[in-house]
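Raw coords_35.csv, CSV, C-alpha atoms (C1' of nucleotides):
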chain,number,residue,atom,x,y,z
N,1,MET,CA,0.0,0.0,0.0
N,2,PRO,CA,1.5,3.3,-1.0
N,3,ASP,CA,2.0,5.9,1.7
N,4,SER,CA,-0.5,8.2,0.2
N,5,LEU,CA,-3.3,5.9,1.1
N,6,THR,CA,-2.3,5.8,4.8
N,7,THR,CA,-2.1,9.5,5.3
N,8,THR,CA,-4.8,11.9,6.4
N,9,ASP,CA,-6.2,15.0,4.7
N,10,ALA,CA,-3.5,17.5,5.4
N,11,PRO,CA,-0.6,15.5,6.9
N,12,LEU,CA,2.4,17.4,8.0
N,13,LEU,CA,5.5,15.8,6.6
N,14,LEU,CA,8.0,15.8,9.4
N,15,GLN,CA,10.8,15.3,6.9
N,16,ASP,CA,9.9,18.5,5.2
N,17,PHE,CA,9.1,20.6,8.2
N,18,LEU,CA,11.8,23.3,8.5
N,19,PRO,CA,12.1,23.4,12.3
N,20,TYR,CA,12.5,19.6,12.3
N,21,ARG,CA,15.0,19.7,9.5
N,22,LEU,CA,17.1,22.3,11.2
N,23,ALA,CA,17.1,20.5,14.5
N,24,VAL,CA,18.1,17.2,12.9
N,25,LEU,CA,20.8,18.8,10.8
N,26,ALA,CA,22.2,20.8,13.7
N,27,LYS,CA,22.3,17.8,15.9
N,28,LEU,CA,24.0,15.7,13.3
N,29,VAL,CA,26.6,18.3,12.6
N,30,GLY,CA,27.2,19.0,16.3
N,31,ALA,CA,27.6,15.3,17.0
N,32,ALA,CA,30.1,14.8,14.2
N,33,PHE,CA,32.1,17.7,15.4
N,34,SER,CA,32.3,16.8,19.0
N,35,GLN,CA,32.9,13.2,18.2
N,36,ALA,CA,35.9,14.2,16.1
N,37,TYR,CA,37.3,16.8,18.5
N,38,GLY,CA,35.6,16.8,21.8
N,39,GLU,CA,36.5,13.3,22.6
N,40,ARG,CA,40.1,13.9,21.6
N,41,PHE,CA,40.6,16.8,24.0
N,42,GLY,CA,38.0,16.0,26.6
N,43,ILE,CA,36.2,19.3,26.0
N,44,SER,CA,32.5,19.7,25.8
N,45,ASN,CA,30.5,21.8,23.3
N,46,PRO,CA,29.9,24.8,25.6
N,47,GLN,CA,33.6,24.7,26.5
N,48,TRP,CA,34.6,24.9,22.9
N,49,ARG,CA,32.4,27.9,22.5
N,50,VAL,CA,34.0,29.6,25.4
N,51,LEU,CA,37.5,28.8,24.1
N,52,PHE,CA,36.6,30.1,20.7
N,53,ALA,CA,35.2,33.3,22.2
N,54,LEU,CA,38.3,33.8,24.3
N,55,GLY,CA,40.5,33.2,21.2
N,56,ARG,CA,38.6,35.9,19.5
N,57,LYS,CA,38.6,38.3,22.4
N,58,PRO,CA,41.1,37.8,25.2
N,59,ASN,CA,40.7,39.6,28.5
N,60,CYS,CA,37.0,39.5,28.3
N,61,SER,CA,34.5,38.9,31.0
N,62,ALA,CA,32.1,35.9,31.4
N,63,SER,CA,29.2,38.2,30.4
N,64,HIS,CA,31.0,38.9,27.1
N,65,VAL,CA,31.1,35.2,26.5
N,66,VAL,CA,27.5,34.9,27.3
N,67,GLN,CA,26.6,37.5,24.7
N,68,HIS,CA,28.9,36.2,22.0
N,69,ALA,CA,28.7,32.5,22.3
N,70,ALA,CA,25.0,32.0,22.6
N,71,LEU,CA,25.3,30.4,26.0
N,72,ASP,CA,23.5,31.4,29.2
N,73,LYS,CA,25.4,32.5,32.2
N,74,VAL,CA,25.0,29.1,33.9
N,75,GLN,CA,26.5,27.3,31.0
N,76,VAL,CA,29.4,29.7,30.9
N,77,SER,CA,30.0,29.5,34.6
N,78,ARG,CA,30.1,25.7,34.4
N,79,ALA,CA,32.2,25.6,31.2
N,80,LEU,CA,34.7,28.0,32.8
N,81,ALA,CA,34.9,26.0,36.0
N,82,GLY,CA,35.9,23.0,33.9
N,83,LEU,CA,38.3,24.8,31.7
N,84,ILE,CA,40.0,26.5,34.7
N,85,HIS,CA,40.2,23.2,36.5
N,86,MET,CA,41.9,21.7,33.4
N,87,GLY,CA,44.3,24.6,33.4
N,88,LEU,CA,43.2,25.8,30.0
N,89,VAL,CA,41.8,29.1,31.1
N,90,ALA,CA,42.9,31.6,33.8
N,91,ARG,CA,40.6,33.9,35.6
N,92,GLN,CA,41.5,37.2,37.3
N,93,ILE,CA,39.3,39.8,38.9
N,94,ASP,CA,38.8,43.1,37.2
N,95,ALA,CA,40.2,45.6,39.7
N,96,THR,CA,38.0,48.4,38.4
N,97,ASP,CA,34.9,46.4,39.0
N,98,ARG,CA,35.3,43.4,41.2
N,99,ARG,CA,32.2,41.8,39.9
N,100,ASN,CA,33.8,41.3,36.5
N,101,SER,CA,36.2,38.5,35.7
N,102,VAL,CA,39.0,38.9,33.2
N,103,LEU,CA,39.4,35.7,31.3
N,104,ASN,CA,42.3,34.4,29.2
N,105,MET,CA,43.5,31.1,27.8
N,106,THR,CA,46.6,29.8,29.5
N,107,ALA,CA,49.6,28.6,27.4
N,108,GLY,CA,48.1,25.2,27.6
N,109,GLY,CA,44.7,26.4,26.5
N,110,ARG,CA,46.2,28.3,23.6
N,111,GLU,CA,48.1,25.2,22.5
N,112,ILE,CA,44.9,23.2,22.2
N,113,TYR,CA,43.1,26.1,20.7
N,114,ASP,CA,45.8,26.5,18.0
N,115,GLN,CA,45.5,22.9,17.2
N,116,ILE,CA,41.8,22.8,17.0
N,117,VAL,CA,41.1,26.0,15.0
N,118,PRO,CA,42.6,24.8,11.7
N,119,GLU,CA,40.8,21.5,12.2
N,120,ALA,CA,37.5,23.2,12.9
N,121,LEU,CA,37.9,25.2,9.8
N,122,ALA,CA,38.7,22.0,7.8
N,123,PHE,CA,35.7,20.4,9.3
N,124,GLU,CA,33.5,23.3,8.2
N,125,ALA,CA,35.1,23.2,4.7
N,126,SER,CA,34.4,19.5,4.5
N,127,LEU,CA,30.8,20.1,5.5
N,128,LYS,CA,30.5,22.6,2.7
N,129,GLU,CA,32.0,20.3,0.2
N,130,GLY,CA,29.7,20.0,-2.7
N,131,LEU,CA,28.3,23.5,-2.4
N,132,SER,CA,29.4,26.0,-4.9
N,133,ASP,CA,30.7,29.4,-3.9
N,134,ALA,CA,27.4,30.9,-4.9
N,135,GLU,CA,25.5,28.3,-2.8
N,136,VAL,CA,27.7,29.0,0.2
N,137,HIS,CA,26.8,32.6,-0.1
N,138,GLN,CA,23.2,31.8,-0.5
N,139,LEU,CA,23.3,29.7,2.6
N,140,ASP,CA,24.8,32.6,4.5
N,141,VAL,CA,22.1,34.9,3.4
N,142,MET,CA,19.4,32.5,4.3
N,143,LEU,CA,20.7,31.6,7.7
N,144,LEU,CA,20.8,35.3,8.4
N,145,LYS,CA,17.3,35.8,7.2
N,146,LEU,CA,16.0,32.8,9.1
N,147,SER,CA,17.7,33.8,12.3
N,148,ALA,CA,16.3,37.3,12.0
N,149,ARG,CA,12.8,35.9,11.5
N,150,ALA,CA,13.1,33.3,14.2
N,151,SER,CA,14.1,35.8,16.8
N,152,LYS,CA,10.9,37.7,16.1
N,153,LEU,CA,8.6,34.7,16.6
I,1,MET,CA,40.5,49.5,20.8
I,2,PRO,CA,39.0,47.9,17.7
I,3,ASP,CA,38.4,44.2,17.8
I,4,SER,CA,41.0,43.5,15.2
I,5,LEU,CA,43.7,44.5,17.6
I,6,THR,CA,42.6,42.1,20.2
I,7,THR,CA,42.4,39.0,18.1
I,8,THR,CA,45.0,36.4,17.2
I,9,ASP,CA,46.5,35.4,13.9
I,10,ALA,CA,43.8,33.1,12.7
I,11,PRO,CA,40.9,33.6,14.9
I,12,LEU,CA,37.9,31.4,14.4
I,13,LEU,CA,34.8,33.6,14.2
I,14,LEU,CA,32.2,31.7,16.1
I,15,GLN,CA,29.5,33.8,14.5
I,16,ASP,CA,30.6,32.6,11.1
I,17,PHE,CA,31.2,29.0,12.0
I,18,LEU,CA,28.6,26.9,10.3
I,19,PRO,CA,28.1,24.2,13.0
I,20,TYR,CA,27.6,27.0,15.5
I,21,ARG,CA,25.2,28.9,13.3
I,22,LEU,CA,23.1,25.8,12.7
I,23,ALA,CA,23.0,25.0,16.4
I,24,VAL,CA,22.0,28.5,17.4
I,25,LEU,CA,19.3,28.8,14.7
I,26,ALA,CA,17.9,25.4,15.3
I,27,LYS,CA,17.6,26.1,19.0
I,28,LEU,CA,16.0,29.5,18.4
I,29,VAL,CA,13.5,28.0,16.0
I,30,GLY,CA,12.8,25.1,18.3
I,31,ALA,CA,12.3,27.3,21.3
I,32,ALA,CA,9.9,29.6,19.4
I,33,PHE,CA,7.9,26.7,18.3
I,34,SER,CA,7.6,24.9,21.6
I,35,GLN,CA,6.9,28.2,23.3
I,36,ALA,CA,4.1,28.9,21.0
I,37,TYR,CA,2.5,25.4,20.9
I,38,GLY,CA,4.1,23.1,23.4
I,39,GLU,CA,3.1,25.2,26.4
I,40,ARG,CA,-0.4,25.4,25.1
I,41,PHE,CA,-1.0,21.7,24.9
I,42,GLY,CA,1.5,20.5,27.4
I,43,ILE,CA,3.3,18.4,24.8
I,44,SER,CA,7.1,18.1,24.6
I,45,ASN,CA,9.2,18.3,21.5
I,46,PRO,CA,9.7,14.5,21.2
I,47,GLN,CA,6.0,14.1,21.8
I,48,TRP,CA,5.2,16.4,18.9
I,49,ARG,CA,7.5,14.4,16.7
I,50,VAL,CA,5.7,11.2,17.6
I,51,LEU,CA,2.3,12.7,17.0
I,52,PHE,CA,3.4,14.1,13.6
I,53,ALA,CA,4.8,10.6,12.7
I,54,LEU,CA,1.5,9.0,13.7
I,55,GLY,CA,-0.5,11.5,11.8
I,56,ARG,CA,1.5,10.7,8.7
I,57,LYS,CA,1.4,6.9,9.3
I,58,PRO,CA,-1.2,5.4,11.5
I,59,ASN,CA,-1.0,1.8,12.8
I,60,CYS,CA,2.8,2.0,12.8
I,61,SER,CA,5.2,0.6,15.4
I,62,ALA,CA,7.5,2.4,17.8
I,63,SER,CA,10.4,1.3,15.6
I,64,HIS,CA,8.8,3.1,12.7
I,65,VAL,CA,8.6,6.2,14.7
I,66,VAL,CA,12.3,5.9,15.6
I,67,GLN,CA,13.2,5.7,12.0
I,68,HIS,CA,11.0,8.5,10.8
I,69,ALA,CA,11.2,11.0,13.6
I,70,ALA,CA,14.9,11.2,14.3
I,71,LEU,CA,14.4,10.0,17.9
I,72,ASP,CA,16.1,7.1,19.6
I,73,LYS,CA,14.1,4.3,21.0
I,74,VAL,CA,14.4,5.6,24.6
I,75,GLN,CA,12.9,8.9,23.6
I,76,VAL,CA,10.1,7.3,21.7
I,77,SER,CA,9.3,5.0,24.6
I,78,ARG,CA,9.1,7.9,26.9
I,79,ALA,CA,7.2,10.2,24.6
I,80,LEU,CA,4.7,7.4,24.0
I,81,ALA,CA,4.3,6.7,27.7
I,82,GLY,CA,3.4,10.4,28.2
I,83,LEU,CA,1.1,10.5,25.2
I,84,ILE,CA,-0.7,7.3,26.2
I,85,HIS,CA,-1.0,8.6,29.8
I,86,MET,CA,-2.6,11.8,28.4
I,87,GLY,CA,-5.0,9.6,26.4
I,88,LEU,CA,-3.8,11.0,23.1
I,89,VAL,CA,-2.3,7.8,21.7
I,90,ALA,CA,-3.5,4.2,22.0
I,91,ARG,CA,-1.2,1.2,21.8
I,92,GLN,CA,-2.2,-2.3,20.8
I,93,ILE,CA,0.0,-5.3,20.4
I,94,ASP,CA,0.6,-6.7,16.9
I,95,ALA,CA,-0.9,-10.1,17.0
I,96,THR,CA,1.4,-11.4,14.3
I,97,ASP,CA,4.5,-10.3,16.2
I,98,ARG,CA,3.9,-9.6,19.8
I,99,ARG,CA,7.1,-7.6,20.1
I,100,ASN,CA,5.6,-4.9,17.9
I,101,SER,CA,3.2,-2.3,19.0
I,102,VAL,CA,0.5,-0.8,16.8
I,103,LEU,CA,0.2,2.8,17.5
I,104,ASN,CA,-2.6,5.2,16.8
I,105,MET,CA,-3.8,8.6,17.9
I,106,THR,CA,-7.1,8.5,19.8
I,107,ALA,CA,-9.9,10.8,19.0
I,108,GLY,CA,-8.5,13.3,21.5
I,109,GLY,CA,-5.1,13.0,20.0
I,110,ARG,CA,-6.4,13.6,16.6
I,111,GLU,CA,-8.3,16.6,17.8
I,112,ILE,CA,-5.1,18.2,19.1
I,113,TYR,CA,-3.2,17.1,16.0
I,114,ASP,CA,-5.8,18.6,13.7
I,115,GLN,CA,-5.5,21.9,15.6
I,116,ILE,CA,-1.7,22.0,15.6
I,117,VAL,CA,-1.0,21.0,12.0
I,118,PRO,CA,-2.3,24.1,10.4
I,119,GLU,CA,-0.6,26.2,13.0
I,120,ALA,CA,2.7,24.4,12.6
I,121,LEU,CA,2.5,25.1,8.8
I,122,ALA,CA,1.7,28.7,9.5
I,123,PHE,CA,4.6,28.9,11.8
I,124,GLU,CA,6.9,27.5,9.1
I,125,ALA,CA,5.5,29.9,6.6
I,126,SER,CA,6.1,32.7,8.9
I,127,LEU,CA,9.6,31.6,9.4
I,128,LYS,CA,10.2,31.6,5.7
I,129,GLU,CA,8.7,35.0,5.2
I,130,GLY,CA,11.1,37.2,3.4
I,131,LEU,CA,12.5,34.3,1.4
I,132,SER,CA,11.6,34.2,-2.2
I,133,ASP,CA,10.3,30.9,-3.8
I,134,ALA,CA,13.7,30.5,-5.4
I,135,GLU,CA,15.4,31.0,-2.0
I,136,VAL,CA,13.1,28.5,-0.4
I,137,HIS,CA,14.1,26.0,-3.0
I,138,GLN,CA,17.7,26.8,-2.6
I,139,LEU,CA,17.4,26.3,1.1
I,140,ASP,CA,15.8,22.9,0.6
I,141,VAL,CA,18.7,21.9,-1.7
I,142,MET,CA,21.3,23.0,0.7
I,143,LEU,CA,19.8,21.4,3.7
I,144,LEU,CA,19.7,18.2,1.8
I,145,LYS,CA,23.3,18.6,0.7
I,146,LEU,CA,24.5,19.5,4.2
I,147,SER,CA,22.7,16.6,5.7
I,148,ALA,CA,24.2,14.2,3.3
I,149,ARG,CA,27.7,15.5,4.0
I,150,ALA,CA,27.2,15.6,7.7
I,151,SER,CA,26.1,12.0,7.9
I,152,LYS,CA,29.4,11.0,6.3
I,153,LEU,CA,31.6,12.9,8.7
G,1,DA,C1',13.8,-29.2,19.4
G,2,DA,C1',17.2,-26.8,22.2
G,3,DA,C1',20.5,-23.3,22.2
G,4,DT,C1',21.8,-19.0,20.5
G,5,DA,C1',21.1,-14.7,18.4
G,6,DA,C1',18.4,-10.9,17.1
G,7,DT,C1',14.6,-7.5,17.6
G,8,DA,C1',11.1,-4.4,20.1
G,9,DG,C1',10.7,-1.9,23.7
G,10,DT,C1',11.4,-0.5,28.9
G,11,DT,C1',14.0,0.7,32.9
G,12,DT,C1',17.9,2.2,35.4
G,13,DC,C1',21.5,5.3,36.4
G,14,DA,C1',24.7,8.9,35.5
G,15,DT,C1',25.3,13.2,33.1
G,16,DT,C1',23.5,17.5,31.1
G,17,DT,C1',20.5,21.2,31.1
G,18,DG,C1',17.6,25.1,32.8
G,19,DA,C1',15.0,27.9,36.0
G,20,DA,C1',15.2,30.0,40.1
G,21,DA,C1',17.4,31.3,44.3
G,22,DC,C1',21.5,33.0,46.1
G,23,DT,C1',26.1,35.9,47.1
G,24,DA,C1',29.0,39.7,46.2
G,25,DT,C1',29.8,44.0,44.3
G,26,DT,C1',28.6,48.4,42.2
G,27,DA,C1',25.2,51.9,40.7
G,28,DT,C1',21.2,54.8,41.6
G,29,DC,C1',18.1,57.4,44.1
G,30,DA,C1',15.8,59.7,47.9
S,1,DT,C1',24.7,58.8,53.2
S,2,DG,C1',21.7,55.0,53.6
S,3,DA,C1',18.4,52.3,51.2
S,4,DT,C1',17.2,50.2,47.0
S,5,DA,C1',18.1,48.4,42.6
S,6,DA,C1',20.9,46.4,39.2
S,7,DT,C1',24.8,43.5,37.6
S,8,DA,C1',28.2,39.5,37.6
S,9,DG,C1',28.6,35.2,38.6
S,10,DT,C1',27.6,30.7,41.4
S,11,DT,C1',24.9,27.1,43.5
S,12,DT,C1',20.9,24.3,44.0
S,13,DC,C1',17.3,21.5,42.5
S,14,DA,C1',14.2,19.5,39.2
S,15,DA,C1',13.6,17.9,34.5
S,16,DA,C1',15.6,16.1,30.1
S,17,DT,C1',18.8,13.2,27.9
S,18,DG,C1',21.7,9.2,26.7
S,19,DA,C1',24.2,4.9,27.4
S,20,DA,C1',23.9,0.5,29.0
S,21,DA,C1',21.5,-3.2,31.1
S,22,DC,C1',17.2,-5.5,31.2
S,23,DT,C1',12.6,-8.2,29.7
S,24,DA,C1',9.9,-10.4,26.4
S,25,DT,C1',9.3,-12.2,22.0
S,26,DT,C1',10.7,-14.1,17.5
S,27,DA,C1',14.3,-15.9,14.3
S,28,DT,C1',18.2,-18.7,13.3
S,29,DT,C1',21.3,-22.3,13.9
S,30,DT,C1',22.8,-26.9,15.0
Would you kindly transcribe this structure into structure tokens?
Amino acid sequence: MPDSLTTTDAPLLLQDFLPYRLAVLAKLVGAAFSQAYGERFGISNPQWRVLFALGRKPNCSASHVVQHAALDKVQVSRALAGLIHMGLVARQIDATDRRNSVLNMTAGGREIYDQIVPEALAFEASLKEGLSDAEVHQLDVMLLKLSARASKL
Amino acid sequence: MPDSLTTTDAPLLLQDFLPYRLAVLAKLVGAAFSQAYGERFGISNPQWRVLFALGRKPNCSASHVVQHAALDKVQVSRALAGLIHMGLVARQIDATDRRNSVLNMTAGGREIYDQIVPEALAFEASLKEGLSDAEVHQLDVMLLKLSARASKL
DNA sequence: AAATAATAGTTTCATTTGAAACTATTATCA
DNA sequence: TGATAATAGTTTCAAATGAAACTATTATTT
């Protein structure tokens, strides 16, 4: 019996439903990434994000990480606790405002970071393999548009 | 001090990193969706997926849901337990193979399903607002390509 | 047919996550 | 200045998640 005979009047095709497709793709990509690199370094996804944020902007506060890594403050706090415990990140206190922390990678953290960055970029390139330059650009535009829309819903 | 002076040689821009962008977008979209509908009906994300799968294919087994809703068997088992408890889904045992269950929405489940489907489609349409037909098609193509690549990594 | 393997689904337990409450510090306001 | 509010970050507790062990049933092998 073909599928069409088992469906109802206006079935929603989960496979075609954009929120579902995005969730499945993001999970798949994230799993592939952390399987490849997270396991190797013992670093979780939120911790990668924190490291990447610190690589981009040293001497920043945890709040800055919250704003630029799409993590909430609880996640950042926990990720930092782990990274500091592993000796990959150092935390000082901002003398001008003792509520703020001043975060930096340690030499050890930098070492891992410098290893992972090229691999992360290679991972991304591999993911985009098969997309033309024009398609990559289109993808960029559409992700931006979708993000803008989604944040208004 | 401009950002460029605080960065390192080859910084990875988290905001431009595709796995990150996908994760953030998927989460944003998913949160918007469940905030709009999950709260209203008291139904979780995995439970929606199961309902949508059953709407598409009545009389199916839990294994079928596993394969078609991108959930693992634990999630399906738990989602079903909740849906059955709420009286939205009924489970029988397949007489020809007593390991298999035969799943169907109840009248109550169908009622909710029939309410949510048009709204879910409207949600999706709203998400795509601002994308031309050509862009929507491009998006489809690229999500397919990315999914194919990701499952090989 | 008996033993073994495979499949469907559930339960258990450890980890992850998120919301809300909490501490410490600085800013604002009366 | 003292009281109140706001901000930075942490801790606590409950719910969600995932891996692995488990039960029940059917298939395969000898």
Chain N contacts on chain G, all atoms listed in the file, 9 Å, as a list in words:
DT17, DG18, DA24, DT25 and DT26 of chain G
Grab the CA of Leu131 (chain N) to CA of Pro19 (chain N) distance for me, in Å with one decimal place.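 Interatomic distance here is 21.9 Å.
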CA of Ser101 (chain I) to CA of Ser61 (chain I), straight-line distance in Å |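 Interatomic distance here is 5.0 Å.
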Pairwise distance, C1' of DA21 (chain G) with C1' of DT10 (chain S), equals 10.6 Å
| task | Provide as a list in words the residues of chain S at most 12 Å from chain N, counting all atoms listed in the file. | result | DT7, DA8, DG9, DT10, DT11 and DT12 of chain S
Incomplete region 97-112 of chain N brought to N, CA and C atoms, written out as a compact mmCIF listing (two decimals), in the coordinates of the input:
# COMPACT_ATOMS: atom_id res chain seq x y z
N ASP N 97 36.22 46.81 38.60
CA ASP N 97 34.90 46.40 39.00
C ASP N 97 34.98 44.92 39.39
N ARG N 98 35.01 44.71 40.67
CA ARG N 98 35.30 43.40 41.20
C ARG N 98 34.26 42.35 40.91
N ARG N 99 33.15 42.75 40.30
CA ARG N 99 32.20 41.80 39.90
C ARG N 99 32.63 41.05 38.58
N ASN N 100 33.36 41.80 37.78
CA ASN N 100 33.80 41.30 36.50
C ASN N 100 35.02 40.37 36.61
N SER N 101 35.01 39.29 35.85
CA SER N 101 36.20 38.50 35.70
C SER N 101 36.93 38.88 34.43
N VAL N 102 38.22 38.62 34.43
CA VAL N 102 39.00 38.90 33.20
C VAL N 102 39.59 37.50 32.83
N LEU N 103 39.14 37.05 31.68
CA LEU N 103 39.40 35.70 31.30
C LEU N 103 40.45 35.62 30.16
N ASN N 104 41.29 34.61 30.26
CA ASN N 104 42.30 34.40 29.20
C ASN N 104 42.60 32.89 29.13
N MET N 105 42.97 32.48 27.94
CA MET N 105 43.50 31.10 27.80
C MET N 105 44.91 31.13 28.43
N THR N 106 45.25 30.02 29.03
CA THR N 106 46.60 29.80 29.50
C THR N 106 47.43 29.33 28.25
N ALA N 107 48.74 29.17 28.46
CA ALA N 107 49.60 28.60 27.40
C ALA N 107 49.04 27.28 26.93
N GLY N 108 48.65 26.47 27.91
CA GLY N 108 48.10 25.20 27.60
C GLY N 108 46.80 25.25 26.79
N GLY N 109 45.97 26.18 27.17
CA GLY N 109 44.70 26.40 26.50
C GLY N 109 44.97 26.85 25.05
N ARG N 110 45.89 27.76 24.94
CA ARG N 110 46.20 28.30 23.60
C ARG N 110 46.77 27.18 22.72
N GLU N 111 47.50 26.28 23.33
CA GLU N 111 48.10 25.20 22.50
C GLU N 111 46.97 24.33 21.91
N ILE N 112 45.99 23.98 22.75
CA ILE N 112 44.90 23.20 22.20
C ILE N 112 44.08 24.03 21.22
